[in-house]
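The next block holds one structure in the form of structure tokens; read it before the comments.
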Amino acid sequence: MISVENVQQAAKMIKGKVIRTPLVYSSSLSRMFEGEIYLKLENLQKTGSFKIRGATYTILTHKDEIGHDGVVAASAGNHAQGVALAARQALIPATIVMPEWASITKQEATRGYGGEVVIEGQSLKECIKKAEEMALQGKTFIHPFDDPDIIVGQGTMALEILEDLKEIDMILVPIGGGGIISGIASTVKSIRPRVKVIGVQSAACPSAYESYRSGKITSVDSYQSIADGISVKQVGDLNFDIIKKCVDDVVLVEEDQIAAAILLLLERKKILAEGAGAVPLAALLNGSVTVPRGSRVVLLISGGNVDSSLLGRILSQGLLKNARIMRIRVRLTDAPGSLAQLLALISGLKANVLHIYHDRSARDLPIYVTRVDLELETRGPAHVEKIARKLNIAGYEMELR
């Protein structure tokens, strides 16, 4: 277990060096789930993630022991940026080993915070191995999650939550390697043992889930996930010891549910969360966690570092799956006014045309027939159904795409 005294000391050490992030009430989510839903916004933290907390505390604690070669860490993004900035603030060199698939955006952000980036390995495990080899040459290795100082630093979030909200029933926390949840759970259970702490993980990499269910550390295969920040194939040893004692449950969410949560946070709360940061809300959306009526629930939005290109795809797919976008293909007689009549009908149904492609030369079309592909912005499933029905009544040969 991590002592509350250590976490309180960590909070004093990192004060002024990290942001005390807000805990905000969401009226819209509260109505949706019939409880009181609060969001702990670590996406507003320095470097856009909670990782700066553990990195800052670890470096400050061991500053006198760190040599001229500085520190080395392994990460696909958030831990990399946290260590780089914490090291720069402490005037210490930092080297970060990142996997070959790490996004260019996160690589450049890490360099921007002063870190020297080394690209090597196809997994976080391979990156950690490389970082450990570099540590043998004089650098101080900072593990992303399986380290007592990292855990203590992450536990400072729990102190802030408990100070800001005196009565809490449940806290939902993203879980990957286990650094964030072990820090929060050990702190919360020491101060308010009745508060439930539930971990949420992507089904694409269910290492913590399988370990929790089996009672022993289990390594799993993983698939590409938009929650890359928690795509860790094996939970940490120290972390799992704490998880077994302090975490009440671990649940899974699917990729489309994570995307829906990102979209919902952006639309309803104007909050940009990365995939890992959105999984607590995804667990409410898919029903794997039920909110008892009137209970107070905190969702930990752990970070907001999402690539612009990925965000665009997430939003597009999310709108499509939620029937906020309708894609149709319509065959028209190739005569003056045919397209105008179709668009007039769609306009009358209050759908907004986002994209249109008019094709006269497709090989499978008769000479006097043209094909139109339309992407429409709609209000939801009922609106989509109404548009399809009206087009069919009007005699249009249509297929949903």
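To be explicit about the labels: the chains of the structure tokens are called A, B, and onward in the order shown, and within each one the residues are counted from 1, while ligands get numbers from 1 in the order they are shown.
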Spatial neighbours of Ile161 (chain A), max dist 9 Å, only C-alpha atoms, sep filter under 6 positions, as a ChimeraX atom specification:
/A:22-23,40,298
Dump of N, CA and C atoms for the selected residues, as a tab-separated table (two decimals), in the first residue's frame:
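Output file part-v5.tsv is given in full below:
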chain	number	residue	atom	x	y	z
A	22	PRO	N	-9.52	21.26	-12.24
A	22	PRO	CA	-10.87	21.41	-11.69
A	22	PRO	C	-11.67	20.12	-11.68
A	23	LEU	N	-12.61	20.07	-10.76
A	23	LEU	CA	-13.61	19.01	-10.71
A	23	LEU	C	-14.94	19.70	-11.02
A	40	LYS	N	-13.25	15.03	-13.40
A	40	LYS	CA	-11.93	15.51	-12.97
A	40	LYS	C	-11.11	15.72	-14.23
A	298	VAL	N	-17.59	10.31	-9.86
A	298	VAL	CA	-16.51	11.10	-10.48
A	298	VAL	C	-15.92	10.29	-11.64
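Residues in contact with region 337-344 of chain A at up to 9 Å, not including ones fewer than 6 positions away on its chain and judged by only C-alpha atoms, are A:Val353, A:His358, A:Val372, A:Leu391, A:Tyr396.
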Might you pull out every residue within 6 Å of region 103-115 of chain A, with only C-alpha atoms counted and same-chain residues fewer than 2 positions away left off, and present them as a list in words?
Gly77, Gln81, Ala84, Leu85, Ala94 and Thr95 of chain A
Just the selected residues (C-alpha atoms), exported as a PDB file, in the first residue's frame, please.
ATOM      1  CA  GLY A  77       3.111   9.661 -25.562  1.00  0.00           C
ATOM      2  CA  GLN A  81       5.826  14.379 -22.383  1.00  0.00           C
ATOM      3  CA  ALA A  84      10.416  15.581 -20.619  1.00  0.00           C
ATOM      4  CA  LEU A  85       8.752  18.631 -19.053  1.00  0.00           C
ATOM      5  CA  ALA A  94      15.768  13.545 -20.495  1.00  0.00           C
ATOM      6  CA  THR A  95      15.847  10.760 -23.081  1.00  0.00           C
TER       7      THR A  95
END
Which residue, A:His143, A:Lys269, A:Lys63, A:Lys125, has the smallest gap to His79 (chain A) when you use only C-alpha atoms?
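Among A:His143, A:Lys269, A:Lys63, A:Lys125, it is A:His143 that comes nearest to His79 (chain A).
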Leaving out region 196-204 of chain A and any residue of its chain fewer than 2 positions from it, which residues lie within 7 Å of it when counting only C-alpha atoms, given as a ChimeraX atom specification?
/A:169-176,181,185,194,206,222-225,227,247-254,279-280,283
Selected residues written out, C-alpha atoms, as a short mmCIF file (atom, residue, chain, number, x, y, z; two decimals), in the first residue's frame:
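Result went into out01.cif, see below:
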data_model
loop_
_atom_site.label_atom_id
_atom_site.label_comp_id
_atom_site.auth_asym_id
_atom_site.auth_seq_id
_atom_site.Cartn_x
_atom_site.Cartn_y
_atom_site.Cartn_z
CA ASP A 169 -19.99 7.17 -3.96
CA MET A 170 -17.86 6.05 -6.89
CA ILE A 171 -14.79 7.02 -8.92
CA LEU A 172 -14.24 5.61 -12.42
CA VAL A 173 -10.59 5.50 -13.47
CA PRO A 174 -8.86 4.48 -16.74
CA ILE A 175 -6.59 1.49 -16.24
CA GLY A 176 -3.69 0.24 -18.34
CA ILE A 181 -5.62 3.64 -10.46
CA ALA A 185 -7.40 3.68 -5.10
CA ARG A 194 -16.61 3.21 1.40
CA PRO A 206 -7.73 -6.24 -21.52
CA SER A 222 -3.61 -6.43 -27.98
CA TYR A 223 -5.23 -4.81 -30.97
CA GLN A 224 -5.02 -1.25 -32.20
CA SER A 225 -7.11 1.04 -30.02
CA ALA A 227 -7.30 4.38 -26.19
CA VAL A 247 -10.08 -1.67 -6.56
CA ASP A 248 -13.72 -2.77 -6.44
CA ASP A 249 -14.07 -3.85 -10.07
CA VAL A 250 -12.55 -3.62 -13.55
CA VAL A 251 -14.78 -3.38 -16.63
CA LEU A 252 -14.29 -3.27 -20.39
CA VAL A 253 -15.45 -0.91 -23.13
CA GLU A 254 -15.41 -1.34 -26.92
CA VAL A 279 -13.26 5.31 -21.13
CA PRO A 280 -14.93 6.14 -17.77
CA ALA A 283 -18.44 2.49 -19.17
#
Tell me which protein, DNA and RNA residues are within 8 Å of region 316-327 of chain A, counting only C-alpha atoms, leaving out same-chain ones fewer than 6 positions away, and put them as a PyMOL selection string.
chain A and resi 256+259-260+263+373-381+384+400-401
Residues of region 217-398 of chain A classed as strand (DSSP E or B) by DSSP on the backbone are to be reported as a PyMOL selection string.
chain A and resi 249-253+296-301+303+325-333+352-359+369-377+397-398
Which distance in Å separates CA of Gly287 (chain A) and CA of Glu34 (chain A), to one decimal?
13.0 Å
Would you mind telling me which residue in A:Val72, A:Ala87, A:Ala208, A:Leu264 lies nearest to Val117 (chain A) when using only C-alpha atoms?
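Among the listed residues, the smallest separation from Val117 (chain A) belongs to A:Val72.
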Counting only C-alpha atoms, which of A:Ala76, A:Ile142, A:Ile151, A:Ile226 gets nearest to Val118 (chain A)?
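Answer, going by the shortest atom-to-atom distance: A:Ala76.
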For Ile230 (chain A), the nearest of the candidates A:Ile217, A:Ala86, A:Glu126, A:Asn78, counting only C-alpha atoms
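Closest residue, counting only C-alpha atoms: A:Asn78.
Across A:Ser182, A:Thr333, A:Ser288, A:Ser28, the tightest approach to Pro366 (chain A) is made by A:Thr333 when counting only C-alpha atoms.
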So which bits of region 138-187 of chain A end up helix (DSSP H, G or I) when you DSSP the backbone, as an MDAnalysis selection string?
chainID A and resid 148:154 156:164 179:187
Restricting to only C-alpha atoms, whichever of A:Pro193, A:Gly303, A:Pro93, A:Pro144 is closest to Ala74 (chain A) is A:Pro144
One-decimal distance in Å that lies between CA of Asn239 (chain A) and CA of Glu255 (chain A):
24.9 Å
Taking 3 positions as the minimum chain separation for residues in the same chain, which residues sit within 10 Å of Val235 (chain A) when counting only C-alpha atoms? Answer as a ChimeraX atom specification.
/A:145-146,175-179,206-212,216-220,232,238-240,243
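Taking CA of Ile387 (chain A) as the reference point, CA of Ile262 (chain A) is found at 27.2 Å.
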